[in-house]
$ cat query_16.cif   # mmCIF, C-alpha atoms
data_final
loop_
_atom_site.group_PDB
_atom_site.id
_atom_site.type_symbol
_atom_site.label_atom_id
_atom_site.label_comp_id
_atom_site.auth_asym_id
_atom_site.auth_seq_id
_atom_site.Cartn_x
_atom_site.Cartn_y
_atom_site.Cartn_z
ATOM 1 C CA MET D 106 -57.161 -31.788 41.221
ATOM 2 C CA LYS D 107 -59.968 -30.226 39.174
ATOM 3 C CA ALA D 108 -59.489 -32.705 36.351
ATOM 4 C CA TRP D 109 -59.579 -35.670 38.704
ATOM 5 C CA LEU D 110 -62.725 -34.395 40.456
ATOM 6 C CA LEU D 111 -64.451 -34.000 37.103
ATOM 7 C CA LEU D 112 -63.384 -37.547 36.211
ATOM 8 C CA VAL D 113 -64.782 -38.940 39.469
ATOM 9 C CA GLU D 114 -68.056 -37.087 38.874
ATOM 10 C CA LYS D 115 -68.194 -38.558 35.339
ATOM 11 C CA GLN D 116 -68.222 -35.145 33.730
ATOM 12 C CA TRP D 117 -66.309 -36.602 30.816
ATOM 13 C CA ARG D 118 -66.065 -33.647 28.434
ATOM 14 C CA GLU D 119 -65.018 -31.242 31.166
ATOM 15 C CA ALA D 120 -62.494 -33.768 32.507
ATOM 16 C CA VAL D 121 -60.893 -34.225 29.089
ATOM 17 C CA VAL D 122 -60.626 -30.461 28.667
ATOM 18 C CA ALA D 123 -59.141 -30.057 32.149
ATOM 19 C CA TYR D 124 -56.577 -32.823 31.570
ATOM 20 C CA GLU D 125 -55.601 -31.361 28.198
ATOM 21 C CA GLU D 126 -55.192 -27.908 29.774
ATOM 22 C CA LEU D 127 -53.018 -29.452 32.463
ATOM 23 C CA GLN D 128 -50.968 -31.126 29.735
ATOM 24 C CA LYS D 129 -50.372 -27.767 28.028
ATOM 25 C CA ILE D 130 -49.278 -26.113 31.261
ATOM 26 C CA TYR D 131 -47.175 -29.061 32.471
ATOM 27 C CA PRO D 132 -45.919 -31.022 29.433
ATOM 28 C CA GLN D 133 -44.011 -33.406 31.697
ATOM 29 C CA THR D 134 -47.364 -34.997 32.589
ATOM 30 C CA ASN D 135 -47.084 -36.887 29.296
ATOM 31 C CA ALA D 136 -44.545 -39.170 30.981
ATOM 32 C CA HIS D 137 -46.609 -39.678 34.147
ATOM 33 C CA LEU D 138 -48.428 -43.030 33.980
ATOM 34 C CA PRO D 139 -51.336 -42.175 36.327
ATOM 35 C CA TYR D 140 -51.992 -38.964 34.357
ATOM 36 C CA LYS D 141 -52.073 -40.933 31.113
ATOM 37 C CA ARG D 142 -54.506 -43.449 32.607
ATOM 38 C CA TYR D 143 -56.839 -40.756 33.934
ATOM 39 C CA LEU D 144 -56.887 -38.941 30.605
ATOM 40 C CA GLU D 145 -57.589 -42.223 28.823
ATOM 41 C CA MET D 146 -60.446 -42.977 31.253
ATOM 42 C CA ALA D 147 -61.944 -39.541 30.624
ATOM 43 C CA ARG D 148 -61.692 -39.941 26.851
ATOM 44 C CA GLU D 149 -63.226 -43.416 26.966
ATOM 45 C CA GLY D 150 -66.058 -42.195 29.198
ATOM 46 C CA LEU D 151 -66.720 -39.344 26.784
ATOM 47 C CA ALA D 152 -66.732 -41.681 23.803
ATOM 48 C CA LYS D 153 -69.202 -44.034 25.485
ATOM 49 C CA ALA D 154 -71.423 -41.133 26.508
ATOM 50 C CA GLU D 155 -71.467 -39.985 22.890
ATOM 51 C CA GLY D 156 -72.271 -43.459 21.603
ATOM 52 C CA GLY D 157 -68.784 -44.489 20.492
ATOM 53 C CA THR D 158 -66.461 -47.166 21.806
ATOM 54 C CA SER D 159 -63.243 -45.259 22.448
ATOM 55 C CA ALA D 160 -61.889 -41.740 22.147
ATOM 56 C CA THR D 161 -58.316 -42.613 22.980
ATOM 57 C CA THR D 162 -55.975 -40.573 20.824
ATOM 58 C CA ALA D 163 -52.310 -39.831 20.909
ATOM 59 C CA PRO D 164 -51.526 -36.603 22.767
#

$ encode --input "query_16.cif" --output "structure tokens"
Amino acid sequence: MKAWLLLVEKQWREAVVAYEELQKIYPQTNAHLPYKRYLEMAREGLAKAEGGTSATTAP
């Protein structure tokens, strides 16, 4: 929930960190399509905020 709220509030860096922490605690999230999309959105938002085009990386 925290990760999603950070994503909605466009707090990109914090959202990425929260999603990655969630991934460490619950590795099965790697197979969950909505989780993957939200993490990708957070990484892309962070990349754009930092002047890049994409921060999508393999988990």

$ atom_distance --input "query_16.cif" --atom1 "atom CA of Glu145 of chain D" --atom2 "atom CA of Glu125 of chain D"
11.1 Å

$ residues_around --input "query_16.cif" --residues "Tyr140 of chain D" --least-positions-apart "2" --cutoff "12 Å" --atoms "only C-alpha atoms" --output "list in words"
Met106, Ala108, Trp109, Leu112, Ala120, Val121, Ala123, Tyr124, Glu125, Leu127, Gln128, Tyr131, Pro132, Gln133, Thr134, Asn135, Ala136, His137, Leu138, Arg142, Tyr143, Leu144, Glu145, Met146, Ala147 and Pro164 of chain D

$ atom_distance --input "query_16.cif" --atom1 "atom CA of Gly156 of chain D" --atom2 "atom CA of Arg118 of chain D"
13.5 Å

$ atom_distance --input "query_16.cif" --atom1 "atom CA of Ala154 of chain D" --atom2 "atom CA of Glu126 of chain D"
21.2 Å
